[in-house]
Structures are given as C-alpha cells and as structure tokens.
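K.L.:
Before I ask anything, let me first share the structure, which is written out below as structure tokens.
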Amino acid sequence: MKRVALYTLGCKLNFSESSTIARQFEQKGYRVVPFTEQPDIFIINTCSVTDHADRKCRKVVKQALKISPHAFIAIIGCYAQLKPQEIAEIEGVDVVLGAAEKFRLLELIDTFEKKPQAEVYASPIEEVKTVFEHAYSYGDRTRTFLKVQDGCNYNCSFCTIPMARGKSRSPRIADIVEEARRIAATDVREVVLTGVNIGDFGIIDGRRQEHFIDLIKALDEVDGIGRYRISSIEPNLLTEEIIAFVAGSKRFAPHFHIPLQSGSNKILKQMYRRYQRELYADRVATIRRYMPHACIGVDVIVGFPGETEEDFLETYQFLNELEVSYLHVFPYSERANTPAASMPGRLPERERKRRADMLRILSEKKRRYFYEQQLGKQATVLFEEEVKAGKMFGFTEQYVRVEADYDPLLVNEFVPVVLDRINAQGHVEVEMPVHALSH
C-alpha cells in the first residue's frame with residue numbers, strides 16, 4: 001500500500017480540495033499519512049494569493065525530499081496553473097497539474113515513479129469553462145470547509161484568481177444539500193461555506209440559475225449540522241435579505257467576513273472594486289441593526305500603488321470609526337499580468353510594512369474591545385480536539401476564541417457557557433454550566 005501526504009498552502013478552498021483529492025487516493029487503496037511519515041507520494045497544493053508563492057513552493061519541495069528522497073512529487077493549485085513551466089524546473093518535482101487537471105491526478109499518472117524531467121498538464125484557464133468540482137475537507141471532526149462556488153468574474157486589478165481558477169461557477173443547491181447531509185452523518189458539528197466569490201453563487205453552465213440566499217435557506221433545514229459560517233462575502237453581494245435571514249436562522253452564525261481592501265474611494269476605484277466605502281459602511285450598519293453583537297471581520301490591503309499617506313490615513317480613520325471586530329491585513333504585493341503591477345506610485349516594502357503594522361495594532365484593539373463587549377453574556381462554544389497545557393479551545397457563534405480546562409467529554413460538543421474574562425493570551429475564559437462540570 002503506497003503512502004501519500006498532502007501539504008496545502010493558502011485558503012480554506014484549497015483545504016477542501018486537498019481533502020477531496022486525499023479521499024480519491026484512499027478509495028484507490030492508498031494510505032494517506034502525515035507529511036513527516038516518509039510517504040511515497042507528496043502532493044503540494046499551492047496558492048497564488050499569498051506572498052512569495054515560488055519560494056514557499058520550493059521550500060516545501062526541499063523539505064519533502066529531505067524526509068523521503070525518492071518520493072514522487074506532484075504540484076497542483078493556483079500557482080501551478082499560473083506558472084507551470086517555472087514549477088517544472090524545481091529540482092525534485094515530477095508532475096505539475098493545472099486547474100482543469102488537479103482532480104484527475106490518479107487518471108493522468110499511473111505508476112507514480114520518479115521522472116528524469118517533470119511532466120506538465122496545464123490547460124489554458126479558458127478550458128476550465130463551466131465544470132464545477134465538488135469538494136469538502138475532512139479529518140477535523142469539529143469543522144468542515146464545504147466548497148459551494150469556484151472561480152470569479154470580477155477581475156480586481158491586483159488579483160490573479162480569475163487567471164488561476166477561471167470563471168464563476170457553482171453546483172446546484174440540491175447537490176450541496178446532499179453533500180451537507182453526508183457531512184452531517186460524519187458527526188461534524190460546524191460547516192464553513194467556502195468559495196472564491198460565494199455571494200456570486202448560482203452561475204451554472206455559464207448563466208445565473210440560482211441564488212446564494214436560496215442556498216443558505218436550504219442548508220438551514222439540514223438536520224445534523226449544528227452551525228454554519230459564511231467564510232467571506234463581497235459587500236455588494238451581501239444583501240439585507242441575506243443579513244435578515246442569518247439573524248433569524250436556526251443554524252447560521254452571526255459572523256460575517258467582508259472584504260473592504262481600502263477605505264479610500266480613490267484606491268477602491270483603482271482596484272476595480274464594485275462599491276465605494278459608503279456602501280461598505282451601510283452593510284456594517286445593517287448587520288448591527290439586525291445583530292448588535294455579531295462578529296464582523298474585514299480584509300484590507302495597504303500600500304497599493306498610488307496610495308498616498310493621506311489615502312492610508314483615510315482608510316485607517318474609516319476602520320477606526322467602523323464598528324467591526326477584527327482585521328485581516330495584507331501588504332500589497334505585485335502579481336504578474338495584473339493591471340496593478342504596472343500602475344505608477346509603487347511604495348517601498350518598508351512603507352507597506354509600516355502601514356500594515358499600524359492596522360494590525362488597530363485590529364488587536366478592535367478584537368479586544370469586541371471580546372470585552374461579550375463578557376458576562378451567555379454563548380455556545382464548540383470545543384475542539386486541540387489541547388495545550390491542560391487547556392482546550394473553541395469558538396462561540398460570534399467567533400470569540402474560548403479557553404477552558406480540558407474535559408474529554410466536551411470535545412466536539414456545543415457547550416453553553418458564560419464568558420467570564422480575557423486572559424493574558426487574549427482568549428476568553430468561561431464559566432461552565434453545572435451539568436457540564438458534574439458528568
């Protein structure tokens with residue numbers, strides 16, 4: 001029985017797809033093992049969004065060969081679609097598969113024996129067309145990432161995703177509901193809906209046939225799933241109807257992650273974003289009206305070409321005054337073949353870092369304030385298997401990170417608690433209910 005290990009870089013969508021490929025191998029009689037257990041085959045799922053994709057890919061390949069010098073190495077994912085020939089030249093790589101080929105690895109490669117020269121299977125992204133490959137993660141009993149959409153039609157000036165994943169496309173609601181039922185049967189308690197642009201859900205065979213609001217209404221009726229989260233949704237696609245439904249739903253968490261990217265309308269226009277800051281502020285206000293204690297996360301890019309100090313301070317002030325809970329901050333980095341890469345006004349790396357650091361400090365203040373607002377309130381925590389120094393951890397429906405004394409009976413369980421205090425690690429400690437303490 002050959003052993004295969006997968007290593008995933010990047011987003012939740014990549015994790016869902018890696019898990020699906022792992023299941024394909026298991027169904028063919030392979031044994032999926034950890035990266036360090038001398039596998040015969042390494043599959044490295046790459047990302048093009050994070051910085052230094054080439055360096056990260058090379059480093060993982062180098063480590064793989066240290067662990068298992070004669071292993072077969074396959075590279076898949078977004079970076080593999082964008083730069084297949086470049087990856088094929090990395091010493092030790094045996095095959096590179098693009099977006100249209102990654103789920104056909106077992107079909108395209110028969111012996112998994114080392115090659116003197118890497119083979120490349122990477123069709124032009126236009127050939128991905130309308131095909132949707134279903135995927136969901138597994139291996140974590142607590143939480144699953146369920147892919148509900150792929151590709152993007154937006155073409156933001158800084159982004160390579162449309163080139164790496166193709167046009168927006170989705171499966172039918174009925175198919176996703178069926179997948180959710182299968183996930184429910186595995187004792188997974190929380191499902192995170194993931195995709196490239198999930199608010200654009202519903203494009204099937206190249207035309208819009210269904211809508212995201214109808215998807216979440218259907219999933220809310222699936223028994224056996226305790227909680228859903230919406231991973232990330234564009235502000236212009238987050239309608240009041242969606243917000244109102246989440247507020248009154250049985251299973252959807254009051255937690256939204258909404259990309260902003262800049263608080264300057266000038267920069268938003270240069271990014272080719274489809275909204276201005278006023279619309280974003282309106283969406284946050286609408287969430288607060290329906291769910292005053294909801295968690296709201298924000299993606300921000302700093303140091304975009306042409307972003308002056310005044311533009312940055314406009315973003316900083318906008319976020320400072322906005323009632324959001326935390327920020328994911330990214331210093332801008334150039335991506336080949338994107339309009340932004342040739343825009344004037346490129347900022348030095350140190351200036352991008354300075355601005356990112358300022359917003360990360362603001363994020364910590366925002367998160368701390370949000371946690372403080374939750375203290376004294378009742379919440380439901382889903383405890384995870386991770387244990388450190390006798391402590392276990394979990395998240396409330398509002399995505400508050402909670403810490404408690406380890407109790408094996410409470411792992412993968414929804415436990416009602418009272419949020420008590422914030423400890424030195426920034427986690428919230430809780431008061432457990434009497435029935436949880438006296439089994």
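We name chains A, B, ... following the order of the structure tokens; residues begin at 1 in each chain, and ligands are numbered from 1 as shown.
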What parts of range 43-245 of chain A does DSSP call strand (DSSP E or B)? I'd like the answer as a ChimeraX atom specification.
P.N.:
/A:43-46,72-77,95-97,119-121,136,143-147,150,169,190-194,203-204,207-208,227-230
K.L.:
Output N, CA and C atoms for every residue in that selection, as an mmCIF file, in the first residue's frame.
P.N.:
```cif
data_model
loop_
_atom_site.group_PDB
_atom_site.id
_atom_site.type_symbol
_atom_site.label_atom_id
_atom_site.label_comp_id
_atom_site.auth_asym_id
_atom_site.auth_seq_id
_atom_site.Cartn_x
_atom_site.Cartn_y
_atom_site.Cartn_z
ATOM 1 N N ILE A 43 1.819 15.460 -2.473
ATOM 2 C CA ILE A 43 1.007 16.347 -3.305
ATOM 3 C C ILE A 43 0.989 17.705 -2.623
ATOM 4 N N ILE A 44 1.514 18.716 -3.294
ATOM 5 C CA ILE A 44 1.623 20.054 -2.718
ATOM 6 C C ILE A 44 0.636 20.969 -3.439
ATOM 7 N N ASN A 45 -0.357 21.452 -2.689
ATOM 8 C CA ASN A 45 -1.416 22.304 -3.239
ATOM 9 C C ASN A 45 -1.029 23.764 -2.993
ATOM 10 N N THR A 46 -0.785 24.500 -4.065
ATOM 11 C CA THR A 46 -0.176 25.827 -3.960
ATOM 12 C C THR A 46 -1.204 26.955 -4.038
ATOM 13 N N PHE A 72 7.732 10.606 -5.068
ATOM 14 C CA PHE A 72 7.153 11.258 -6.245
ATOM 15 C C PHE A 72 6.494 12.553 -5.773
ATOM 16 N N ILE A 73 6.760 13.668 -6.458
ATOM 17 C CA ILE A 73 6.235 14.967 -6.007
ATOM 18 C C ILE A 73 5.354 15.579 -7.099
ATOM 19 N N ALA A 74 4.087 15.838 -6.727
ATOM 20 C CA ALA A 74 3.118 16.470 -7.632
ATOM 21 C C ALA A 74 2.771 17.853 -7.091
ATOM 22 N N ILE A 75 2.756 18.842 -7.966
ATOM 23 C CA ILE A 75 2.388 20.209 -7.576
ATOM 24 C C ILE A 75 1.078 20.569 -8.271
ATOM 25 N N ILE A 76 0.103 21.021 -7.477
ATOM 26 C CA ILE A 76 -1.203 21.404 -8.014
ATOM 27 C C ILE A 76 -1.573 22.792 -7.472
ATOM 28 N N GLY A 77 -2.747 23.294 -7.839
ATOM 29 C CA GLY A 77 -3.249 24.535 -7.254
ATOM 30 C C GLY A 77 -3.035 25.764 -8.115
ATOM 31 N N VAL A 95 5.577 16.115 -11.468
ATOM 32 C CA VAL A 95 4.441 16.473 -12.312
ATOM 33 C C VAL A 95 3.809 17.760 -11.797
ATOM 34 N N VAL A 96 3.316 18.576 -12.730
ATOM 35 C CA VAL A 96 2.604 19.816 -12.398
ATOM 36 C C VAL A 96 1.237 19.738 -13.058
ATOM 37 N N LEU A 97 0.180 19.975 -12.257
ATOM 38 C CA LEU A 97 -1.179 19.886 -12.786
ATOM 39 C C LEU A 97 -1.922 21.193 -12.569
ATOM 40 N N GLU A 119 6.681 16.299 -15.830
ATOM 41 C CA GLU A 119 5.605 16.390 -16.811
ATOM 42 C C GLU A 119 4.667 17.528 -16.411
ATOM 43 N N VAL A 120 4.111 18.205 -17.405
ATOM 44 C CA VAL A 120 3.200 19.323 -17.140
ATOM 45 C C VAL A 120 1.857 19.053 -17.806
ATOM 46 N N TYR A 121 0.799 19.104 -16.996
ATOM 47 C CA TYR A 121 -0.569 19.012 -17.501
ATOM 48 C C TYR A 121 -1.293 20.279 -17.047
ATOM 49 N N TYR A 136 -14.998 18.988 -0.143
ATOM 50 C CA TYR A 136 -15.133 19.405 1.252
ATOM 51 C C TYR A 136 -14.008 18.767 2.050
ATOM 52 N N ARG A 143 -15.057 20.591 12.395
ATOM 53 C CA ARG A 143 -15.385 21.600 11.380
ATOM 54 C C ARG A 143 -15.016 21.106 9.981
ATOM 55 N N THR A 144 -15.883 21.414 9.018
ATOM 56 C CA THR A 144 -15.630 21.079 7.618
ATOM 57 C C THR A 144 -15.753 22.332 6.761
ATOM 58 N N PHE A 145 -14.856 22.463 5.778
ATOM 59 C CA PHE A 145 -14.956 23.525 4.782
ATOM 60 C C PHE A 145 -15.642 22.942 3.548
ATOM 61 N N LEU A 146 -16.821 23.453 3.232
ATOM 62 C CA LEU A 146 -17.621 22.945 2.123
ATOM 63 C C LEU A 146 -17.568 23.930 0.956
ATOM 64 N N LYS A 147 -17.036 23.483 -0.150
ATOM 65 C CA LYS A 147 -16.921 24.321 -1.348
ATOM 66 C C LYS A 147 -18.281 24.431 -2.025
ATOM 67 N N ASP A 150 -16.829 28.333 -7.229
ATOM 68 C CA ASP A 150 -15.433 28.417 -7.671
ATOM 69 C C ASP A 150 -15.323 29.499 -8.743
ATOM 70 N N ARG A 169 -18.581 29.786 -11.149
ATOM 71 C CA ARG A 169 -19.435 28.639 -11.423
ATOM 72 C C ARG A 169 -19.819 27.951 -10.122
ATOM 73 N N GLU A 190 -19.767 21.739 12.651
ATOM 74 C CA GLU A 190 -19.798 23.064 12.040
ATOM 75 C C GLU A 190 -19.325 22.982 10.594
ATOM 76 N N VAL A 191 -20.042 23.658 9.710
ATOM 77 C CA VAL A 191 -19.695 23.698 8.291
ATOM 78 C C VAL A 191 -19.416 25.142 7.901
ATOM 79 N N VAL A 192 -18.250 25.372 7.294
ATOM 80 C CA VAL A 192 -17.893 26.696 6.786
ATOM 81 C C VAL A 192 -18.087 26.679 5.273
ATOM 82 N N LEU A 193 -18.974 27.536 4.764
ATOM 83 C CA LEU A 193 -19.204 27.625 3.320
ATOM 84 C C LEU A 193 -18.061 28.409 2.695
ATOM 85 N N THR A 194 -17.425 27.827 1.693
ATOM 86 C CA THR A 194 -16.256 28.464 1.118
ATOM 87 C C THR A 194 -16.322 28.475 -0.403
ATOM 88 N N ILE A 203 -24.277 30.569 -10.645
ATOM 89 C CA ILE A 203 -23.999 30.520 -12.076
ATOM 90 C C ILE A 203 -23.708 29.070 -12.460
ATOM 91 N N ILE A 204 -24.585 28.506 -13.266
ATOM 92 C CA ILE A 204 -24.494 27.105 -13.681
ATOM 93 C C ILE A 204 -24.539 27.064 -15.205
ATOM 94 N N ARG A 207 -24.622 30.601 -16.920
ATOM 95 C CA ARG A 207 -25.672 31.606 -16.692
ATOM 96 C C ARG A 207 -26.264 31.442 -15.290
ATOM 97 N N ARG A 208 -26.775 32.560 -14.768
ATOM 98 C CA ARG A 208 -27.322 32.524 -13.410
ATOM 99 C C ARG A 208 -28.630 31.745 -13.380
ATOM 100 N N ARG A 227 -24.039 24.181 13.186
ATOM 101 C CA ARG A 227 -23.709 25.582 12.918
ATOM 102 C C ARG A 227 -23.065 25.721 11.535
ATOM 103 N N TYR A 228 -23.458 26.774 10.830
ATOM 104 C CA TYR A 228 -22.805 27.162 9.579
ATOM 105 C C TYR A 228 -22.131 28.513 9.765
ATOM 106 N N ARG A 229 -21.024 28.709 9.032
ATOM 107 C CA ARG A 229 -20.423 30.045 8.896
ATOM 108 C C ARG A 229 -20.272 30.357 7.411
ATOM 109 N N ILE A 230 -20.436 31.633 7.078
ATOM 110 C CA ILE A 230 -20.174 32.113 5.727
ATOM 111 C C ILE A 230 -18.743 32.628 5.726
#
```
K.L.:
Would you return as an MDAnalysis selection string the members of range 60-217 of chain A that DSSP assigns to helix (DSSP H, G or I) on this structure's backbone?
P.N.:
chainID A and resid 60:67 78:82 84:88 102:108 125:128 161:165 173:184 198:200 212:217
K.L.:
Would you please work out which residue, of A:Ala164, A:Arg360, A:Asp110, A:Cys152, is nearest to Pro124 in chain A when using only C-alpha atoms?
P.N.:
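Using only C-alpha atoms, Pro124 in chain A sits closest to A:Ala164.
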K.L.:
Of the candidates A:Ile176, A:Val418, A:Leu260, A:Met271, which shows the shortest atom-to-atom distance to Pro339 in chain A, using only C-alpha atoms?
P.N.:
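Of A:Ile176, A:Val418, A:Leu260, A:Met271, the one nearest Pro339 in chain A, counting only C-alpha atoms, is A:Met271.
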K.L.:
Just checking: using only C-alpha atoms, which residue out of A:Gln270, A:Tyr30, A:Arg23, A:Val177 ends up closest to Met1 in chain A?
P.N.:
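Ranked by minimum distance to Met1 in chain A, first place goes to A:Tyr30.
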K.L.:
Go through A:Gln425, A:Ser137, A:Ser262, A:Thr239 and flag the residue nearest Thr8 in chain A, using only C-alpha atoms for the distances.
P.N.:
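Going through A:Gln425, A:Ser137, A:Ser262, A:Thr239 one by one, the smallest distance to Thr8 in chain A is for A:Ser137.
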K.L.:
Go ahead and compute the interatomic distance for CA of Glu397 in chain A and CA of Pro254 in chain A, in Å to one decimal.
P.N.:
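Taking CA of Glu397 in chain A as the start and CA of Pro254 in chain A as the end point, the length is 6.5 Å.
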K.L.:
Between CA of Thr380 in chain A and CA of Pro416 in chain A, what is the spacing in Å?
P.N.:
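Result for CA of Pro416 in chain A versus CA of Thr380 in chain A: 4.4 Å, one decimal.
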